[in-house]
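**Q** Please find one structure pasted underneath; my questions will follow.
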Amino acid sequence: MQTQKYDMTFHYFRAFAIVCVMFTHLWHDPPFLEGFEAEKRLVTALSDTLFHSSTIYFIFISGYLFEYVNRRKAFSVPAFYLSKVRNVLTPYLIISGLLLLTGTLMDRWGAGVPAFINEGMPVTSPADVLICLLYGTASLTPYWYIPFILSVFVISPVFFHMSNERLSRLLVPLSVLPLLVPRGLLFFFRNYCYFLPIFLLGIFFARNRERCMDFIVRHLRGIVHIALFTSAVIFVNFYLDFIPNTETAYYVQKLAIGMCVILLLERRQQPSPLLDLLARYSFPLFFLHVIVQHICDPALFAGLLPLCGGFLVPASLLVALLESVLCLLLVRAVKKALGKRSRYVIGG
């Protein structure tokens with residue numbers, strides 16, 4: 001019974017993580033709308049305060065599941081690498097290639113490359129394509145994550161065979177790194193300093209689950225206060241700009257919020273079909289949500305802004321919600337059309 005509860009806690013946490021990652025991008029101020037300056041700034045402040053750096057949740061889950069899943073069977077490094085090639089690298093290459101091909105054709109037809117594909121730049125050589133794939137710039141937000149996490153998976157068998165005592169000693173200094181080194185989309189070294197400790201925290205949590213849950217329960221009030229305080233500071237910083245390294249605040253905030261959500265999900269008894277669906281579709285949603293956003297944004301804002309009385313904040317939130325629903329419907333349609341082969345195209 002405990003194993004089932006344990007599995008569902010992190011299964012649902014994955015649903016929470018993908019919603020946060022999607023809303024980081026979907027709930028935004030539309031650059032094609034003129035005016036609304038005060039509301040645009042408020043939308044950005046609210047969206048970034050709540051959802052920016054939600055990749056932290058995914059990194060933590062990746063480390064946790066790596067340890068939890070592979071510890072319950074005979075761990076084979078070649079089989080592990082093959083699964084990542086099949087389930088992560090292959091859909092990344094296919095969907096990135098399709099995006100780059102679309103951008104190239106649109107450029108040749110005189111329409112120009114959409115801004116979300118390779119930052120609006122056409123690819124002109126195989127070297128350009130290779131660079132796009134190495135850095136995830138086929139759609140930089142959020143595809144940068146795939147080359148990074150694949151590089152982490154390459155070295156993760158080292159952590160699998162590391163003793164718990166050594167991992168604990170390693171985590172103490174490494175957990176300070178995200179407080180000192182900010183993340184950067186195209187800076188692998190900075191991303192390693194910022195995100196690798198979180199991956200290791202996920203491994204540590206999987207190995208020491210009871211201890212970690214007990215820590216959260218005993219310090220819940222303080223953790224909630226940290227989550228609220230850092231959120232308030234981040235929001236105010238959008239208007240006063242006094243934090244020298246905002247990623248430090250996001251790191252602390254997301255760890256605190258993540259602990260609260262994990263405890264809430266752990267205590268949840270009833271199954272949730274919606275959370276289950278979001279969790280099962282999390283990887284396809286990751287790949288497709290920015291594409292849906294850039295296709296649907298103009299029409300949805302044009303239709304919903306008047307319905308919201310010309311107020312951008314509720315209109316932008318409704319757009320994000322509708323685009324999330326459209327993403328779910330698109331994933332369902334692709335899976336129905338391709339069956340099991342859909343995992344090689346959209347990752348699930």
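Note on naming: chains are A, B, ... as they come in the structure tokens, residues start from 1 per chain, ligands start from 1 in the order shown.
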Can you tell me, as an MDAnalysis selection string, what residues are no more than 10 Å from A:Arg280 when counting only C-alpha atoms, ignoring any on the same chain fewer than 2 positions away?
**A** chainID A and resid 11:12 14:15 274:278 282:285 348
**Q** So that I can check the surroundings of stretch 151-162 of chain A, please list as number ranges by chain every protein, DNA and RNA residue that reaches within 8 Å of it, counting only C-alpha atoms and ignoring chain neighbours fewer than 3 positions away.
**A** A: 67, 77, 81, 84, 147-148, 166-167, 196, 200
**Q** Could you take the residues named above and write them with N, CA, C and O atoms, as a JSON list (two decimals), in the first residue's frame?
**A**
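out.json written:
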[["chain", "number", "residue", "atom", "x", "y", "z"],
["A", 67, "GLU", "N", 16.62, 7.23, -9.61],
["A", 67, "GLU", "CA", 17.00, 6.38, -8.48],
["A", 67, "GLU", "C", 15.90, 5.37, -8.14],
["A", 67, "GLU", "O", 16.17, 4.17, -7.99],
["A", 77, "VAL", "N", 23.56, -0.23, -17.57],
["A", 77, "VAL", "CA", 23.90, 1.07, -18.17],
["A", 77, "VAL", "C", 23.54, 1.12, -19.65],
["A", 77, "VAL", "O", 22.92, 2.08, -20.10],
["A", 81, "TYR", "N", 20.85, 3.80, -21.18],
["A", 81, "TYR", "CA", 21.16, 4.74, -22.27],
["A", 81, "TYR", "C", 20.23, 4.53, -23.46],
["A", 81, "TYR", "O", 19.75, 5.50, -24.07],
["A", 84, "LYS", "N", 16.90, 6.17, -22.96],
["A", 84, "LYS", "CA", 16.94, 7.62, -23.10],
["A", 84, "LYS", "C", 17.05, 8.02, -24.58],
["A", 84, "LYS", "O", 16.49, 9.04, -25.00],
["A", 147, "PRO", "N", 18.87, 18.85, -24.35],
["A", 147, "PRO", "CA", 20.32, 18.57, -24.40],
["A", 147, "PRO", "C", 20.95, 18.57, -23.02],
["A", 147, "PRO", "O", 21.85, 17.76, -22.74],
["A", 148, "PHE", "N", 20.47, 19.46, -22.14],
["A", 148, "PHE", "CA", 21.04, 19.52, -20.80],
["A", 148, "PHE", "C", 20.75, 18.25, -20.02],
["A", 148, "PHE", "O", 21.66, 17.63, -19.46],
["A", 166, "ARG", "N", 28.49, 9.06, 0.81],
["A", 166, "ARG", "CA", 29.26, 9.96, -0.06],
["A", 166, "ARG", "C", 28.34, 10.96, -0.75],
["A", 166, "ARG", "O", 28.70, 12.13, -0.91],
["A", 167, "LEU", "N", 27.16, 10.51, -1.18],
["A", 167, "LEU", "CA", 26.21, 11.43, -1.79],
["A", 167, "LEU", "C", 25.81, 12.53, -0.81],
["A", 167, "LEU", "O", 25.71, 13.70, -1.19],
["A", 196, "LEU", "N", 22.28, 20.64, -11.44],
["A", 196, "LEU", "CA", 22.77, 19.31, -11.05],
["A", 196, "LEU", "C", 22.56, 19.02, -9.56],
["A", 196, "LEU", "O", 22.18, 17.89, -9.21],
["A", 200, "LEU", "N", 20.59, 15.71, -7.89],
["A", 200, "LEU", "CA", 21.13, 14.89, -6.80],
["A", 200, "LEU", "C", 20.21, 14.90, -5.59],
["A", 200, "LEU", "O", 20.10, 13.90, -4.87]]
**Q** Using only C-alpha atoms, which residues sit within 10 Å of stretch 222-238 of chain A once same-chain residues fewer than 5 positions away are excluded, as a PyMOL selection string?
**A** chain A and resi 41-42+44-50+216-217+243-244+246-260
**Q** Choose the residue, out of A:Leu101, A:Val172, A:Val85, A:Val43, that has the smallest atom-to-atom separation from A:Leu201; count only C-alpha atoms.
**A**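 Nearest candidate to A:Leu201 out of A:Leu101, A:Val172, A:Val85, A:Val43: A:Val172.
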**Q** Give me, please, the distance in Å between atom CA of A:Arg211 and atom CA of A:Arg72, quoted to one decimal.
**A**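 A separation of 19.5 Å between them.
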**Q** Using only C-alpha atoms, which of the listed residues (A:Phe80, A:Phe36, A:Ser342, A:Asp241) sits closest to A:Leu305?
**A** A:Phe36
**Q** Need the shell around A:Val21: protein/DNA/RNA residues with any atom at most 10 Å away, counting only C-alpha atoms. Skip same-chain ones fewer than 6 positions apart. Format as a list in words?
**A**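 What passes the distance filter is Phe51, His52, Ser53, Ser54, Thr55, Ile56, Tyr57, Phe58, Pro142, Ser282, Leu285, Phe286 and His289 of chain A.
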**Q** Just N, CA, C and O atoms for this one: save the residues we selected as a compact mmCIF listing (two decimals), in the first residue's frame.
**A**
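Output below, filename result-v3.txt:
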# COMPACT_ATOMS: atom_id res chain seq x y z
N PHE A 51 5.75 30.92 -11.63
CA PHE A 51 6.12 29.78 -12.47
C PHE A 51 7.54 29.79 -13.01
O PHE A 51 8.01 28.73 -13.45
N HIS A 52 8.24 30.92 -13.01
CA HIS A 52 9.60 30.92 -13.56
C HIS A 52 10.49 29.94 -12.80
O HIS A 52 10.37 29.79 -11.58
N SER A 53 11.39 29.29 -13.53
CA SER A 53 12.32 28.29 -12.96
C SER A 53 11.59 27.05 -12.44
O SER A 53 12.12 26.31 -11.60
N SER A 54 10.40 26.78 -12.98
CA SER A 54 9.71 25.54 -12.62
C SER A 54 10.44 24.31 -13.14
O SER A 54 10.09 23.17 -12.77
N THR A 55 11.44 24.51 -13.99
CA THR A 55 12.29 23.41 -14.42
C THR A 55 12.90 22.71 -13.21
O THR A 55 13.24 21.52 -13.28
N ILE A 56 13.04 23.45 -12.11
CA ILE A 56 13.56 22.85 -10.88
C ILE A 56 12.74 21.63 -10.49
O ILE A 56 13.29 20.60 -10.08
N TYR A 57 11.42 21.71 -10.62
CA TYR A 57 10.57 20.57 -10.27
C TYR A 57 10.89 19.37 -11.16
O TYR A 57 10.97 18.23 -10.69
N PHE A 58 11.05 19.62 -12.47
CA PHE A 58 11.32 18.53 -13.40
C PHE A 58 12.69 17.90 -13.14
O PHE A 58 12.85 16.67 -13.23
N PRO A 142 10.98 25.75 -24.65
CA PRO A 142 11.76 25.17 -23.56
C PRO A 142 12.79 24.11 -23.96
O PRO A 142 13.28 23.39 -23.10
N SER A 282 2.75 14.47 -19.76
CA SER A 282 3.65 15.56 -19.41
C SER A 282 4.73 15.81 -20.47
O SER A 282 5.01 16.96 -20.83
N LEU A 285 3.22 17.25 -23.70
CA LEU A 285 2.82 18.63 -23.42
C LEU A 285 4.04 19.55 -23.40
O LEU A 285 3.97 20.69 -23.88
N PHE A 286 5.14 19.06 -22.86
CA PHE A 286 6.38 19.84 -22.85
C PHE A 286 6.80 20.19 -24.28
O PHE A 286 7.16 21.33 -24.58
N HIS A 289 3.55 22.58 -26.22
CA HIS A 289 2.78 23.73 -25.72
C HIS A 289 3.23 25.06 -26.33
O HIS A 289 2.40 25.93 -26.59
**Q** Which residue is closest to A:Pro31? Choose from A:Arg343, A:His294, A:Arg268, A:Arg332 and count only C-alpha atoms.
**A**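 Nearest to A:Pro31: A:His294.
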**Q** Which polymer residues have any atom within 12 Å of an atom of A:Leu185, counting only C-alpha atoms, with same-chain residues fewer than 3 positions away left out, as a ChimeraX atom specification?
**A** /A:53,55,135-137,139-148,182,188-192,194-195
**Q** Take the residues from that selection and write them out as a PDB file, in the first residue's frame, keeping C-alpha atoms.
**A**
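Result written to out-v6.pdb:
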ATOM      1  CA  SER A  53      12.318  28.288 -12.959  1.00  0.00           C
ATOM      2  CA  THR A  55      12.285  23.409 -14.420  1.00  0.00           C
ATOM      3  CA  TYR A 135      21.666  23.913 -27.698  1.00  0.00           C
ATOM      4  CA  GLY A 136      17.952  23.284 -28.163  1.00  0.00           C
ATOM      5  CA  THR A 137      17.424  26.460 -30.167  1.00  0.00           C
ATOM      6  CA  SER A 139      12.597  26.270 -29.938  1.00  0.00           C
ATOM      7  CA  LEU A 140      14.843  27.670 -27.233  1.00  0.00           C
ATOM      8  CA  THR A 141      12.095  27.914 -24.670  1.00  0.00           C
ATOM      9  CA  PRO A 142      11.760  25.171 -23.560  1.00  0.00           C
ATOM     10  CA  TYR A 143      13.908  22.836 -25.700  1.00  0.00           C
ATOM     11  CA  TRP A 144      17.212  23.891 -24.098  1.00  0.00           C
ATOM     12  CA  TYR A 145      16.268  21.471 -21.318  1.00  0.00           C
ATOM     13  CA  ILE A 146      16.598  18.330 -23.463  1.00  0.00           C
ATOM     14  CA  PRO A 147      20.316  18.567 -24.398  1.00  0.00           C
ATOM     15  CA  PHE A 148      21.045  19.520 -20.804  1.00  0.00           C
ATOM     16  CA  PRO A 182      22.629  31.784 -11.878  1.00  0.00           C
ATOM     17  CA  PHE A 188      26.008  24.535 -19.834  1.00  0.00           C
ATOM     18  CA  PHE A 189      28.478  25.179 -16.993  1.00  0.00           C
ATOM     19  CA  ARG A 190      26.104  27.555 -15.220  1.00  0.00           C
ATOM     20  CA  ASN A 191      23.207  25.162 -15.739  1.00  0.00           C
ATOM     21  CA  TYR A 192      25.233  22.357 -14.196  1.00  0.00           C
ATOM     22  CA  TYR A 194      22.371  25.477 -10.811  1.00  0.00           C
ATOM     23  CA  PHE A 195      20.475  22.302 -11.711  1.00  0.00           C
TER      24      PHE A 195
END
**Q** Identify which of the residues A:Leu174, A:Ile203, A:Leu288, A:Ala279 lies closest to A:Val345, counting only C-alpha atoms when measuring atom-to-atom distances.
**A** A:Leu288
**Q** Hey, can you check how far atom CA of A:Arg267 sits from atom CA of A:Phe13?
**A**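 Straight-line distance from atom CA of A:Arg267 to atom CA of A:Phe13 works out to 12.4 Å.
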**Q** Can you tell me, as an mmCIF file with C-alpha atoms, in the first residue's frame, what residues are no more than 7 Å from A:Cys193 when counting only C-alpha atoms, ignoring any on the same chain fewer than 4 positions away?
**A**
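Below is the file out.cif, written as the result:
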data_model
loop_
_atom_site.group_PDB
_atom_site.id
_atom_site.type_symbol
_atom_site.label_atom_id
_atom_site.label_comp_id
_atom_site.auth_asym_id
_atom_site.auth_seq_id
_atom_site.Cartn_x
_atom_site.Cartn_y
_atom_site.Cartn_z
ATOM 1 C CA LEU A 177 26.050 26.421 -5.791
ATOM 2 C CA PRO A 178 22.581 27.484 -7.076
ATOM 3 C CA VAL A 181 25.725 30.730 -9.877
ATOM 4 C CA PHE A 189 28.478 25.179 -16.993
#
**Q** Looking at only C-alpha atoms, which of A:Cys308, A:Asn245, A:Gln269, A:Phe116 is the one that sits closest to A:His25?
**A**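 That would be A:Phe116, the residue with the smallest distance to A:His25.
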**Q** With only C-alpha atoms as the basis for distance, which of A:Gly310, A:Pro114, A:Gly184, A:Gly202 is at the shortest distance from A:Phe60?
**A**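 Closest to A:Phe60, using only C-alpha atoms: A:Gly202.
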**Q** Applying 12 Å and only C-alpha atoms, which residues near A:Leu300 remain after dropping the ones on its own chain fewer than 3 positions away? List them as a PyMOL selection string.
**A** chain A and resi 26+30+292-297+303-308+315-323+326
